[in-house]
Amino acid sequence: DAKTTQPPSMDCAEGRAANLPCNHSTISGNEYVYWYRQIHSQGPQYIIHGLKNNETNEMASLIITEDRKSSTLILPHATLRDTAVYYCIVRVVGGAQKLVFGQGTRLTINP
Amino acid sequence: EPEVTQTPSHQVTQMGQEVILRCVPISNHLYFYWYRQILGQKVEFLVSFYNNEISEKSEIFDDQFSVERPDGSNFTLKIRSTKLEDSAMYFCASSEAWRGGSTQYFGPGTRLTVL
């Protein structure tokens, strides 16, 4: 699976959009980009995933660049409850099915 | 909304004892996983399970560990003789499909403390 690079920490004001970047320059054509988050020591929570098109759900939007070498997770109106560690994971189709977690980005939402 | 459940939420045991961590995956899911997270460290894959067989296991998953689906709903992780370094959060996950486009959903975890 391709490696990902994320900033170790970010801050965002409550009510503003939080934009979390992820670099995955070695991504292959059949690899999906997944985003999870972990609040304190709770189980990782699925947020969103995509292959090449931008995706949106009730939690977030995922913007993938045309060359697929990077992506951005957007939380449109961040709340204090969005404070968490966010993981960007690239995962191959049909290969090893495990998720490989990195250190992620610790996002702090400030009041 | 269906969710993965795990019991107990916290297990304290003495070194050398056996522990069984239990998980109830989402009902129509067919693929099951265990991960662990030592305090302050990354979430690490332990094992994946499908059709009553281990599909993949990590180097961490040595002979002290075993998994079982004893009935149609439960999925268990057994640690035969616990060590101090087994202290961690253990997360169960399940997914509906095997392909990369499928999503793994995680349970809340069991905190294992080995004394």
# chains A, B, ... in the order shown; residues from 1 in each chain; ligands from 1
>>> closest_atom_pairs(of="chain A", to="chain B", cutoff="8 Å", atoms="only C-alpha atoms", output="Markdown table")
| residue | atom | partner | partner_atom | distance |
| --- | --- | --- | --- | --- |
| A:Glu31 | CA | B:Gly100 | CA | 7.2 |
| A:Tyr32 | CA | B:Gly100 | CA | 6.6 |
| A:Ser41 | CA | B:Met89 | CA | 7.8 |
| A:Gln42 | CA | B:Pro108 | CA | 5.5 |
| A:Gly43 | CA | B:Pro108 | CA | 4.6 |
| A:Pro44 | CA | B:Phe106 | CA | 6.0 |
| A:Gln45 | CA | B:Phe106 | CA | 6.7 |
| A:Tyr46 | CA | B:Tyr105 | CA | 6.6 |
| A:Arg91 | CA | B:Gly100 | CA | 6.1 |
| A:Val92 | CA | B:Gly100 | CA | 5.5 |
| A:Val93 | CA | B:Gly100 | CA | 3.8 |
| A:Gly94 | CA | B:Arg99 | CA | 5.0 |
| A:Gly95 | CA | B:Gly100 | CA | 7.7 |
| A:Ala96 | CA | B:Glu56 | CA | 7.7 |
| A:Gln97 | CA | B:Gly100 | CA | 7.0 |
| A:Lys98 | CA | B:Phe45 | CA | 6.5 |
| A:Leu99 | CA | B:Phe45 | CA | 7.0 |
| A:Val100 | CA | B:Phe45 | CA | 7.1 |
| A:Phe101 | CA | B:Val43 | CA | 5.8 |
| A:Gly102 | CA | B:Lys42 | CA | 6.4 |
| A:Gln103 | CA | B:Lys42 | CA | 6.1 |
>>> residues_around(residues="segment 61-65 of chain B", least_positions_apart="5", cutoff="8 Å", atoms="only C-alpha atoms", output="list in words")
Leu46, Val47, Leu77, Lys78, Ile79, Arg80, Ser81 and Thr82 of chain B
>>> atom_distance(atom1="atom CA of Val114 of chain B", atom2="atom CA of Thr13 of chain B")
5.1 Å
>>> residues_around(residues="Glu14 of chain A", least_positions_apart="3", cutoff="8 Å", atoms="only C-alpha atoms", output="PyMOL selection string")
chain A and resi 77-80+109-111
>>> residues_around(residues="Tyr86 of chain A", least_positions_apart="2", cutoff="12 Å", atoms="only C-alpha atoms", output="PyMOL selection string")
(chain A and resi 5-10+18-22+34-40+44-48+72-75+82-84+88-89+101-108) or (chain B and resi 42)
>>> residues_around(residues="segment 70-76 of chain B", least_positions_apart="3", cutoff="7 Å", atoms="only C-alpha atoms", output="compact mmCIF listing (two decimals) with C-alpha atoms, in the first residue's frame")
# COMPACT_ATOMS: atom_id res chain seq x y z
CA ILE B 20 -10.86 -13.78 25.73
CA LEU B 21 -12.01 -10.56 24.12
CA ARG B 22 -15.40 -10.66 22.48
CA CYS B 23 -16.83 -8.84 19.51
CA VAL B 24 -20.21 -8.84 17.79
CA PRO B 25 -19.66 -7.66 14.21
CA VAL B 67 -9.31 -16.09 16.86
